[in-house]
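Participant: Structure file target_7.txt (compact mmCIF, C-alpha atoms and all ligand atoms) is given on the next line.
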```txt
# COMPACT_ATOMS: atom_id res chain seq x y z
CA MET N 285 95.20 87.15 102.89
CA PHE N 286 96.69 89.64 100.45
CA ARG N 287 99.28 92.08 101.82
CA PHE N 288 102.36 93.97 100.72
CA LEU N 289 105.23 96.02 102.11
CA THR N 290 107.42 98.57 100.39
CA ALA N 291 110.94 99.68 101.28
CA GLY N 292 113.59 101.98 99.86
CA GLU N 293 114.87 105.55 100.01
CA SER N 294 114.26 108.05 97.23
CA HIS N 295 117.98 108.25 96.34
CA GLY N 296 118.98 104.82 97.65
CA PRO N 297 119.99 102.00 95.30
CA CYS N 298 116.44 100.72 94.72
CA LEU N 299 112.83 100.39 95.80
CA THR N 300 111.74 96.92 96.93
CA MET N 301 108.24 95.50 97.31
CA ILE N 302 107.16 92.16 98.81
CA VAL N 303 103.68 91.00 97.84
CA GLU N 304 102.03 88.05 99.50
CA GLY N 305 98.73 86.28 98.88
CA LEU N 306 98.27 86.34 95.10
CA PRO N 307 97.13 82.88 93.97
CA ALA N 308 99.47 80.58 92.07
CA GLY N 309 99.14 80.33 88.31
CA LEU N 310 98.42 83.99 87.51
CA THR N 311 100.12 85.04 84.26
CA VAL N 312 102.04 88.25 84.95
CA GLU N 313 103.78 90.49 82.43
CA LYS N 314 106.57 92.83 83.47
CA ASP N 315 105.71 95.11 80.50
CA ILE N 316 102.24 95.87 81.89
CA ILE N 317 103.73 96.97 85.22
CA ASP N 318 106.43 99.03 83.47
CA ALA N 319 103.74 100.75 81.39
CA ASP N 320 101.97 101.80 84.59
CA LEU N 321 105.26 103.08 86.01
CA ARG N 322 105.73 105.20 82.88
CA ARG N 323 102.20 106.58 83.25
CA ARG N 324 103.05 107.66 86.83
CA GLN N 325 106.15 109.45 85.57
CA GLY N 326 104.21 111.38 82.96
CA GLY N 327 101.65 114.17 83.04
CA TYR N 328 102.24 117.83 82.44
CA GLY N 329 103.91 119.59 85.37
CA ARG N 330 106.47 116.97 86.43
CA GLY N 331 110.03 118.06 87.24
CA GLY N 332 113.60 117.05 86.42
CA ARG N 333 113.74 113.84 88.47
CA MET N 334 111.30 112.15 86.12
CA LYS N 335 113.69 112.74 83.23
CA ILE N 336 116.42 110.84 85.10
CA GLU N 337 114.38 107.88 86.29
CA LYS N 338 113.17 105.38 83.69
CA ASP N 339 111.33 103.14 86.09
CA ALA N 340 111.10 99.42 85.34
CA ILE N 341 110.66 96.42 87.61
CA SER N 342 112.57 93.18 88.02
CA PHE N 343 111.00 90.13 89.61
CA LEU N 344 113.34 88.75 92.27
CA SER N 345 111.05 86.01 93.60
CA GLY N 346 107.63 84.44 93.39
CA VAL N 347 107.33 84.31 89.58
CA ARG N 348 108.59 81.56 87.30
CA HIS N 349 108.26 81.42 83.53
CA GLY N 350 105.72 84.25 83.63
CA LYS N 351 103.40 82.76 86.25
CA THR N 352 103.01 83.37 89.98
CA LEU N 353 104.09 80.52 92.25
CA GLY N 354 101.86 81.38 95.23
CA SER N 355 105.00 82.28 97.20
CA PRO N 356 105.96 85.88 98.13
CA ILE N 357 106.68 88.03 95.08
CA THR N 358 109.61 90.43 95.36
CA LEU N 359 109.72 93.33 92.91
CA GLN N 360 112.54 95.79 92.55
CA ILE N 361 112.89 99.18 90.85
CA GLU N 362 116.42 100.52 90.50
CA ASN N 363 116.96 104.23 91.22
CA ARG N 364 119.05 105.46 88.31
CA ASP N 365 119.88 108.61 90.27
CA TRP N 366 121.68 106.46 92.90
CA VAL N 367 125.01 106.85 91.07
CA ASN N 368 124.90 110.57 91.96
CA TRP N 369 124.08 109.86 95.60
CA GLU N 370 126.23 106.86 96.52
CA GLU N 371 128.34 108.78 99.03
CA ARG N 372 125.54 110.92 100.44
CA MET N 373 123.26 107.88 100.84
CA SER N 374 125.90 105.27 101.70
CA ALA N 375 124.79 102.65 104.24
CA GLU N 376 128.40 102.58 105.51
CA PRO N 377 129.97 105.55 107.35
CA VAL N 378 131.88 107.85 104.95
CA GLU N 379 135.00 110.01 105.35
CA ALA N 380 133.57 113.03 103.57
CA GLU N 381 131.70 115.76 105.43
CA ILE N 382 128.10 115.56 104.18
CA GLU N 383 126.25 118.83 104.53
CA ALA N 384 123.05 118.37 106.56
CA VAL N 385 119.72 119.68 105.26
CA SER N 386 118.29 121.95 107.95
CA ARG N 387 115.90 124.40 106.25
CA ILE N 388 112.34 123.11 106.71
CA ARG N 389 109.94 123.11 103.75
CA PRO N 390 106.38 123.99 104.89
CA GLY N 391 103.79 121.37 103.90
CA HIS N 392 106.34 118.56 103.76
CA ALA N 393 107.20 115.93 106.38
CA ASP N 394 110.46 117.89 107.04
CA PHE N 395 109.36 119.41 110.37
CA THR N 396 107.19 116.60 111.78
CA GLY N 397 109.61 113.87 110.71
CA ALA N 398 112.69 115.61 112.10
CA ILE N 399 111.04 116.24 115.49
CA LYS N 400 109.49 112.77 115.66
CA TYR N 401 112.64 110.80 114.83
CA GLY N 402 115.12 113.25 116.33
CA HIS N 403 116.92 113.80 113.01
CA LYS N 404 119.32 116.73 112.77
CA ASP N 405 119.64 116.15 109.03
CA VAL N 406 116.25 116.50 107.31
CA ARG N 407 117.65 114.40 104.45
CA ASN N 408 116.88 111.39 106.69
CA VAL N 409 113.21 112.35 106.56
CA ILE N 410 112.92 113.41 102.93
CA GLU N 411 114.35 110.19 101.60
CA ARG N 412 111.41 108.08 102.74
CA SER N 413 108.61 110.67 102.97
CA SER N 414 109.26 111.51 99.31
CA SER N 415 106.56 110.44 96.91
CA ARG N 416 109.14 108.33 95.11
CA GLU N 417 107.64 105.60 97.32
CA THR N 418 104.47 105.79 95.23
CA ALA N 419 106.35 104.10 92.36
CA SER N 420 106.35 101.00 94.59
CA ARG N 421 102.58 101.16 94.95
CA VAL N 422 102.11 101.58 91.22
CA ALA N 423 104.24 98.45 90.67
CA VAL N 424 102.15 96.43 93.15
CA GLY N 425 99.00 97.93 91.61
CA GLY N 426 100.23 96.79 88.18
CA LEU N 427 100.37 93.21 89.44
CA CYS N 428 96.88 93.59 90.91
CA ARG N 429 95.59 95.09 87.64
CA GLN N 430 96.59 91.87 85.86
CA PHE N 431 94.93 89.75 88.55
CA LEU N 432 91.67 91.75 88.42
CA GLY N 433 91.68 91.60 84.62
CA GLN N 434 91.19 87.83 84.90
CA PHE N 435 87.84 88.56 86.61
CA GLY N 436 86.71 91.24 84.16
CA ILE N 437 87.53 94.17 86.47
CA SER N 438 89.27 97.27 85.08
CA VAL N 439 90.33 100.53 86.73
CA HIS N 440 90.90 103.98 85.16
CA SER N 441 91.66 107.50 86.35
CA HIS N 442 91.34 110.98 84.90
CA VAL N 443 91.85 114.56 86.03
CA LEU N 444 88.76 116.67 86.77
CA SER N 445 90.40 119.95 87.79
CA VAL N 446 93.60 121.89 88.43
CA VAL N 447 93.30 124.76 90.94
CA GLU N 448 90.06 126.50 89.76
CA VAL N 449 90.11 125.14 86.18
CA GLY N 450 87.86 122.10 85.69
CA TYR N 451 84.60 120.57 84.45
CA GLU N 452 81.72 122.90 85.19
CA GLU N 453 78.92 120.31 85.07
CA GLU N 454 78.44 117.63 87.74
CA ARG N 455 79.26 114.35 86.00
CA ALA N 456 76.87 111.38 85.85
CA MET N 457 78.54 108.22 87.13
CA THR N 458 76.70 105.50 85.23
CA PRO N 459 78.66 103.30 82.76
CA ALA N 460 77.30 105.39 79.84
CA ALA N 461 79.18 108.42 81.18
CA TYR N 462 82.48 106.63 80.63
CA PRO N 463 82.66 105.37 77.03
CA GLU N 464 85.78 103.42 76.07
CA GLU N 465 86.96 106.26 73.75
CA MET N 466 87.03 108.55 76.74
CA TRP N 467 89.84 106.54 78.33
CA GLU N 468 91.78 106.60 75.05
CA ALA N 469 91.50 110.40 75.08
CA VAL N 470 92.63 110.46 78.73
CA GLU N 471 95.74 108.42 77.93
CA ALA N 472 96.55 110.75 75.01
CA SER N 473 96.18 113.93 77.10
CA PRO N 474 99.25 115.33 78.91
CA MET N 475 96.84 116.25 81.73
CA ARG N 476 95.07 112.86 81.67
CA CYS N 477 91.85 114.78 80.89
CA ALA N 478 89.55 113.64 78.05
CA ASP N 479 88.46 117.21 77.20
CA GLU N 480 91.02 118.80 74.85
CA ALA N 481 90.02 122.41 75.54
CA LEU N 482 90.16 121.78 79.28
CA THR N 483 93.56 120.12 78.90
CA GLU N 484 94.85 123.33 77.29
CA LYS N 485 93.39 125.48 80.05
CA MET N 486 94.91 123.27 82.76
CA ILE N 487 98.33 123.47 81.12
CA ALA N 488 98.04 127.26 80.90
CA ARG N 489 97.14 127.36 84.61
CA ILE N 490 100.18 125.27 85.53
CA LEU N 491 102.46 127.48 83.40
CA GLU N 492 101.07 130.56 85.12
CA ALA N 493 101.88 129.06 88.55
CA LYS N 494 105.33 127.98 87.36
CA ARG N 495 106.16 131.50 86.20
CA THR N 496 105.72 132.78 89.75
CA GLY N 497 107.53 129.85 91.40
CA ASP N 498 104.23 128.42 92.64
CA THR N 499 102.59 124.97 92.53
CA CYS N 500 99.11 123.54 91.73
CA GLY N 501 96.79 120.91 93.18
CA GLY N 502 93.51 119.58 91.83
CA VAL N 503 91.07 116.68 91.72
CA PHE N 504 91.29 113.30 90.01
CA GLU N 505 88.65 110.60 89.70
CA VAL N 506 89.21 106.85 89.82
CA VAL N 507 86.59 104.52 88.33
CA ALA N 508 86.47 100.71 88.61
CA PHE N 509 84.28 98.72 86.22
CA GLY N 510 83.12 95.13 86.52
CA ALA N 511 83.40 94.63 90.30
CA PRO N 512 80.86 91.99 91.34
CA ILE N 513 78.16 92.67 93.93
CA GLY N 514 79.33 91.78 97.45
CA LEU N 515 82.91 93.03 97.96
CA GLY N 516 83.44 94.51 101.43
CA SER N 517 81.03 94.26 104.36
CA TYR N 518 78.99 96.35 106.80
CA SER N 519 79.67 93.80 109.56
CA GLN N 520 82.63 95.72 111.04
CA TRP N 521 83.75 99.32 110.49
CA ASP N 522 87.08 98.30 109.03
CA ARG N 523 85.60 95.79 106.59
CA ARG N 524 83.54 98.41 104.72
CA LEU N 525 84.96 98.84 101.22
CA SER N 526 84.36 102.58 101.63
CA THR N 527 86.63 102.57 104.72
CA ARG N 528 89.32 100.68 102.88
CA LEU N 529 89.19 102.92 99.82
CA GLY N 530 89.32 105.96 102.08
CA MET N 531 92.46 104.71 103.78
CA ALA N 532 94.04 103.71 100.47
CA MET N 533 93.40 107.05 98.73
CA MET N 534 94.26 109.16 101.78
CA SER N 535 97.59 107.31 102.04
CA ILE N 536 98.81 108.99 98.84
CA PRO N 537 101.16 111.87 99.72
CA SER N 538 99.50 115.26 99.11
CA VAL N 539 95.95 113.83 99.09
CA LYS N 540 93.75 115.82 101.47
CA ALA N 541 90.18 114.88 100.52
CA MET N 542 88.11 112.06 99.07
CA GLU N 543 84.49 111.63 98.00
CA ILE N 544 82.65 108.43 97.09
CA GLY N 545 80.03 108.82 94.35
CA ALA N 546 78.15 112.11 94.69
CA GLY N 547 80.13 112.77 97.90
CA PHE N 548 79.71 116.34 99.14
CA GLY N 549 77.23 116.88 96.29
CA ALA N 550 74.84 114.47 98.06
CA THR N 551 74.84 116.77 101.11
CA ARG N 552 73.43 119.60 98.99
CA ALA N 553 70.40 117.61 97.73
CA THR N 554 67.49 115.83 99.42
CA GLY N 555 67.05 112.05 99.63
CA SER N 556 64.62 111.75 96.73
CA HIS N 557 67.28 113.27 94.43
CA VAL N 558 70.19 111.25 95.75
CA HIS N 559 69.32 107.59 96.25
CA ASP N 560 69.75 105.28 93.29
CA VAL N 561 66.60 103.42 92.24
CA LEU N 562 67.21 99.66 91.87
CA ARG N 563 65.82 97.73 88.89
CA HIS N 564 65.68 94.03 88.04
CA ALA N 565 66.18 93.31 84.34
CA GLU N 566 64.42 90.52 82.44
CA ASP N 567 67.71 88.64 82.07
CA GLY N 568 67.92 88.45 85.88
CA SER N 569 70.59 91.12 86.28
CA TRP N 570 70.35 94.09 88.66
CA PHE N 571 70.99 97.72 87.83
CA HIS N 572 70.43 101.20 89.27
CA LEU N 573 68.98 104.16 87.37
CA THR N 574 71.69 106.46 88.73
CA ASN N 575 74.98 105.91 90.58
CA ASN N 576 75.18 108.60 93.23
CA ALA N 577 76.33 105.93 95.69
CA GLY N 578 79.45 105.48 93.56
CA GLY N 579 78.98 101.71 93.46
CA ILE N 580 79.03 101.13 97.22
CA GLU N 581 76.01 100.75 99.55
CA GLY N 582 76.46 99.71 103.18
CA GLY N 583 80.18 99.34 102.59
CA ILE N 584 79.52 96.68 99.92
CA THR N 585 79.85 96.89 96.13
CA ASN N 586 76.42 97.03 94.44
CA GLY N 587 77.51 96.13 90.90
CA GLU N 588 77.72 99.71 89.56
CA PRO N 589 81.06 101.37 88.68
CA ILE N 590 83.00 102.28 91.83
CA VAL N 591 83.67 106.02 91.61
CA VAL N 592 85.92 108.02 93.94
CA ARG N 593 87.12 111.60 93.57
CA VAL N 594 90.32 112.58 95.26
CA GLY N 595 91.60 116.05 96.22
CA VAL N 596 95.32 116.78 95.88
CA LYS N 597 96.88 119.82 97.58
CA PRO N 598 99.43 121.97 95.71
CA ILE N 599 102.79 120.30 96.20
CA PRO N 600 104.92 121.78 98.99
CA THR N 601 108.27 122.49 97.34
CA LEU N 602 108.01 125.94 95.79
CA ALA N 603 110.59 127.41 93.41
CA HIS N 604 109.78 130.66 95.22
CA PRO N 605 110.12 129.18 98.72
CA LEU N 606 107.95 130.24 101.68
CA PRO N 607 109.36 131.62 104.95
CA SER N 608 110.29 128.91 107.44
CA VAL N 609 112.76 127.89 110.18
CA ASP N 610 116.32 126.60 110.06
CA LEU N 611 116.37 123.51 112.27
CA ALA N 612 120.09 123.79 113.10
CA SER N 613 120.11 127.43 114.20
CA GLY N 614 116.46 127.65 115.30
CA GLU N 615 116.24 130.94 113.38
CA ASN N 616 113.22 132.10 111.43
CA ILE N 617 114.29 132.43 107.81
CA GLU N 618 112.79 134.28 104.87
CA GLN N 619 113.06 131.38 102.45
CA SER N 620 112.89 127.62 102.98
CA ARG N 621 114.74 125.31 100.64
CA TYR N 622 114.17 124.46 96.99
CA GLU N 623 115.08 121.03 95.69
CA ARG N 624 114.31 119.89 92.14
CA SER N 625 110.56 119.45 92.20
CA ASP N 626 107.31 119.03 90.32
CA VAL N 627 104.86 121.90 89.79
CA CYS N 628 101.68 119.79 89.45
CA VAL N 629 101.29 116.07 90.13
CA VAL N 630 97.52 115.63 89.80
CA PRO N 631 97.74 113.37 86.68
CA ALA N 632 100.47 111.24 88.30
CA ALA N 633 98.60 111.08 91.61
CA GLY N 634 95.62 109.73 89.63
CA VAL N 635 97.78 106.85 88.39
CA VAL N 636 98.76 106.16 92.01
CA GLY N 637 95.04 106.31 92.88
CA GLU N 638 94.37 103.64 90.23
CA ALA N 639 97.05 101.47 91.83
CA MET N 640 95.46 101.87 95.26
CA MET N 641 92.01 100.98 93.85
CA ASN N 642 93.53 97.89 92.17
CA ILE N 643 95.16 96.90 95.47
CA VAL N 644 91.99 97.35 97.57
CA LEU N 645 89.84 95.42 95.06
CA THR N 646 92.40 92.62 94.86
CA GLU N 647 92.38 92.25 98.62
CA ALA N 648 88.55 92.28 98.72
CA LEU N 649 88.22 89.83 95.82
CA ILE N 650 90.64 87.37 97.43
CA GLU N 651 88.79 87.73 100.71
CA LYS N 652 85.48 86.77 99.09
CA PHE N 653 86.49 84.23 96.45
CA GLY N 654 89.91 83.21 97.81
CA GLY N 655 91.82 80.20 96.59
CA ASP N 656 95.43 79.06 96.50
CA SER N 657 95.47 78.82 92.71
CA MET N 658 93.85 80.86 89.95
CA GLU N 659 91.91 77.75 88.90
CA GLU N 660 90.45 77.41 92.39
CA MET N 661 89.60 81.09 92.57
CA GLN N 662 87.98 81.15 89.14
CA LYS N 663 85.79 78.22 90.24
CA HIS N 664 84.68 80.11 93.36
CA PHE N 665 84.08 83.26 91.32
CA ARG N 666 81.98 81.48 88.69
CA ALA N 667 79.91 79.78 91.40
C1 LIG K 1 103.23 111.44 92.34
C2 LIG K 1 103.59 112.49 93.36
C3 LIG K 1 104.72 113.31 93.13
C4 LIG K 1 105.07 114.29 94.06
N1 LIG K 1 106.16 115.08 93.79
C5 LIG K 1 106.47 116.06 94.66
C6 LIG K 1 107.57 116.95 94.40
O1 LIG K 1 108.24 116.85 93.38
N2 LIG K 1 107.83 117.92 95.30
C7 LIG K 1 107.11 118.08 96.45
O2 LIG K 1 107.37 118.96 97.23
N3 LIG K 1 106.06 117.25 96.72
C8 LIG K 1 105.73 116.26 95.88
N4 LIG K 1 104.67 115.44 96.17
C9 LIG K 1 103.90 115.65 97.42
C10 LIG K 1 104.67 115.33 98.68
O3 LIG K 1 105.27 114.06 98.61
C11 LIG K 1 103.77 115.42 99.92
O4 LIG K 1 103.01 116.59 99.89
C12 LIG K 1 104.64 115.41 101.18
O5 LIG K 1 105.25 114.15 101.31
C13 LIG K 1 103.85 115.71 102.47
O6 LIG K 1 102.84 114.77 102.67
P1 LIG K 1 101.31 115.23 102.82
O7 LIG K 1 101.07 116.22 101.70
O8 LIG K 1 100.51 113.98 102.62
O9 LIG K 1 101.13 115.85 104.15
C14 LIG K 1 104.29 114.46 95.25
C15 LIG K 1 103.17 113.63 95.47
C16 LIG K 1 102.81 112.66 94.53
C17 LIG K 1 101.60 111.81 94.78
```
Could you write out this file's structure as structure tokens?
Ligand SMILES: Cc1cc2nc3c(=O)[nH]c(=O)nc-3n(C[C@H](O)[C@H](O)[C@H](O)COP(=O)(O)O)c2cc1C
Facilitator:
Amino acid sequence: MFRFLTAGESHGPCLTMIVEGLPAGLTVEKDIIDADLRRRQGGYGRGGRMKIEKDAISFLSGVRHGKTLGSPITLQIENRDWVNWEERMSAEPVEAEIEAVSRIRPGHADFTGAIKYGHKDVRNVIERSSSRETASRVAVGGLCRQFLGQFGISVHSHVLSVVEVGYEEERAMTPAAYPEEMWEAVEASPMRCADEALTEKMIARILEAKRTGDTCGGVFEVVAFGAPIGLGSYSQWDRRLSTRLGMAMMSIPSVKAMEIGAGFGATRATGSHVHDVLRHAEDGSWFHLTNNAGGIEGGITNGEPIVVRVGVKPIPTLAHPLPSVDLASGENIEQSRYERSDVCVVPAAGVVGEAMMNIVLTEALIEKFGGDSMEEMQKHFRA
């Protein structure tokens, strides 16, 4: 069984991840994980924190001489900002009077977290509800990316829209719609969007929001290539790959919607226009003429690219803050609080979405072809 846990506060000393269930003998490179962490930190619209943090992992256990041991893998990311927070975030009691955060930011976990856990200082909520935690998932996803690569599976993401600015045409989802050069263009774009003109328009839209102290959401798409037929199952509700991808994508802070394949588009067409016709090729392989199912039928991969589109709300911390409540006084206030913040995180959220896809596919692949070593797993996979 593959599983992982993450721990760490946003301004604590570090983020820590424990990963269990990867087979022994997998070659893992720190640089590949660090590259993914850098991709999460990028994208037009990020704020000041990303300039401070230069995320990189250390392996603390489970890897020796570049290969997994089959024992739990511990990864750590240091928070460079910790030096500025040592007193405020000290695990030990401190002499100094630390000012409590009490003004609630609408759309954040500030209100729900403070009421749920009985915190008088909202700092105790923010520190863990912060999306800094998603760096941990990207690190685990970077390990999974290397594992999946050994089985010919690759995962990409790109941005489809920001607020109302996006692709006008519905996109086909067959492999031909995603040429290799497209992903190169995505990686070169500050919006992680292959279309240069659209990239410019998205940037202009973010600047416009920034000028008025506002924020932007949007939609990203994650695509997985090379997944074999048969991952996931219809046999129980929670074994469907669609269920698991839904949970994984919806777990990303600020994500409010997800579609698989044609998604809501399929509800606006009739069956004869939606279902993907299956074909058997002369070489014995299977393929579909279209991919409206987004690579999943009956909760099981069907051999086509797995395509999910994910909706991200505008981020909650506004430079021009909304009215709210002060938790300490109980008074309604005209302006909630502003803390250094991003304006648009859709490109970065897409990188987190890639990580979650890598994690879900790793779990499903191990479930189907599992083995204690890579050699054993490769044998099962080939068979
Ligand atoms: C990569 C990433 C970066 C984010 N950065 C910020 C930020 O700088 N400021 C902010 O208010 N929200 C940010 N968010 C969103 C909040 O973390 C999120 O909206 C909040 O925790 C409430 O959770 P919910 O939107 O899922 O309800 C970010 C989300 C992601 C995925």
Participant: Pick out the residues no farther than 8 Å from ligand LIG 1 (chain K), counting all atoms listed in the file, and list them as a PyMOL selection string.
Facilitator: chain N and resi 324-325+330-331+333+391-393+410+413-416+418-419+534-540+597-602+623-630+632-633+636
Participant: What does the structure give for the distance between CA of Thr352 (chain N) and CA of Ile316 (chain N), in Å to one decimal?
Facilitator: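 Going from CA of Thr352 (chain N) over to CA of Ile316 (chain N) covers 14.9 Å.
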Participant: Show me, as JSON lines, the residues of region 367-476 of chain N having an atom within 7 Å of region 610-621 of chain N, each with the closest atom pair and its distance in Å, using all atoms listed in the file.
Facilitator:
```
{"residue": "N:Ser386", "atom": "CA", "partner": "N:Leu611", "partner_atom": "CA", "distance": 5.0}
{"residue": "N:Arg387", "atom": "CA", "partner": "N:Asp610", "partner_atom": "CA", "distance": 4.4}
{"residue": "N:Ile388", "atom": "CA", "partner": "N:Ser620", "partner_atom": "CA", "distance": 5.9}
{"residue": "N:Arg389", "atom": "CA", "partner": "N:Ser620", "partner_atom": "CA", "distance": 5.4}
```
Participant: Write the residues of the preceding selection, restricted to C-alpha atoms, as a CSV table (one decimal), in the coordinates of the input.
Facilitator:
```csv
chain,number,residue,atom,x,y,z
N,386,SER,CA,118.3,122.0,108.0
N,387,ARG,CA,115.9,124.4,106.2
N,388,ILE,CA,112.3,123.1,106.7
N,389,ARG,CA,109.9,123.1,103.8
```
Participant: Rank nothing, just name the residue among N:Ile490, N:Met658, N:Leu529, N:Met542 nearest to Val594 (chain N), using all atoms listed in the file.
Facilitator: N:Met542
Participant: Given all atoms listed in the file as the basis, pick out the residue of N:Gly397, N:Asp498, N:Pro459, N:Glu471 nearest to Leu573 (chain N).
Facilitator: N:Pro459
Participant: Mind pulling up the distance from CA of Gly637 (chain N) to CA of Gly497 (chain N)?
Facilitator: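 Taking CA of Gly497 (chain N) and CA of Gly637 (chain N), their separation equals 26.7 Å.
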Participant: Looking at N:Pro589, N:Gly514, N:Gly450, N:Gly578, which one is nearest to Ile437 (chain N), with distances taken over all atoms listed in the file?
Facilitator: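 With all atoms listed in the file as the atom set, the closest residue is N:Pro589.
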Participant: Tell me which protein, DNA and RNA residues are within 12 Å of Pro307 (chain N), counting all atoms listed in the file, leaving out same-chain ones fewer than 2 positions away, and put them as a ChimeraX atom specification.
Facilitator: /N:285-286,303-305,309-312,346-347,351-357,427-428,431-432,434,646-647,649-651,653-662
Participant: Quick one: residues within 12 Å of Ala319 (chain N), all atoms listed in the file counted, chain neighbours fewer than 4 positions away excluded, as a list in words?
Facilitator: Glu313, Lys314, Asp315, Arg323, Arg324, Gln325, Gly326, Lys338, Asp339, Ala340, Ile341, Ala419, Val422, Ala423, Gly425, Gly426, Leu427, Arg429, Glu471 and Val635 of chain N
Participant: To one decimal place in Å, what is the distance between CA of Pro390 (chain N) and CA of Arg489 (chain N)?
Facilitator: 22.5 Å
Participant: Could you pull the residues within 10 Å of Val424 (chain N), counting all atoms listed in the file, minus those fewer than 6 positions along the same chain, as a count of residues only?
Facilitator: 15
Participant: Point out the residue among N:Ala488, N:Val385, N:Tyr451, N:His559 with the least atom-to-atom distance to Glu411 (chain N), counting all atoms listed in the file.
Facilitator: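 Distance minimum relative to Glu411 (chain N) lands on N:Val385.
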Participant: Taking only C-alpha atoms into account, which of N:Ala648, N:Ile513, N:Val561, N:Val406 comes nearest Gly582 (chain N)?
Facilitator: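 Closest to Gly582 (chain N) of all the choices is N:Ile513.
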Participant: Looking at N:Gly433, N:Gly350, N:Pro605, N:Gly583, which one is nearest to Thr527 (chain N), with distances taken over all atoms listed in the file?
Facilitator: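 That would be N:Gly583, the residue with the smallest distance to Thr527 (chain N).
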Participant: Which centre and edge lengths in Å to one decimal define the box along x, y and z that fits every listed atom of region 446-456 of chain N plus 6 Å per side, as AutoDock Vina command-line options?
Facilitator:
```
--center_x 85.2 --center_y 118.9 --center_z 87.7 --size_x 28.7 --size_y 27.1 --size_z 18.5
```
Participant: List as a list in words the protein and nucleic acid residues near Pro474 (chain N), meaning an atom at most 8 Å away when only C-alpha atoms are counted, but skip any in the same chain fewer than 4 places from it.
Facilitator: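 My reading of the contact set: Gly326, Gly327, Tyr328 and Thr483 of chain N.
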Participant: Do you know which residues are at most 12 Å from Thr458 (chain N) counting all atoms listed in the file, after dropping those on the same chain fewer than 6 positions away, and could you put them as a ChimeraX atom specification?
Facilitator: /N:507-509,545-546,560,571-579,587-591
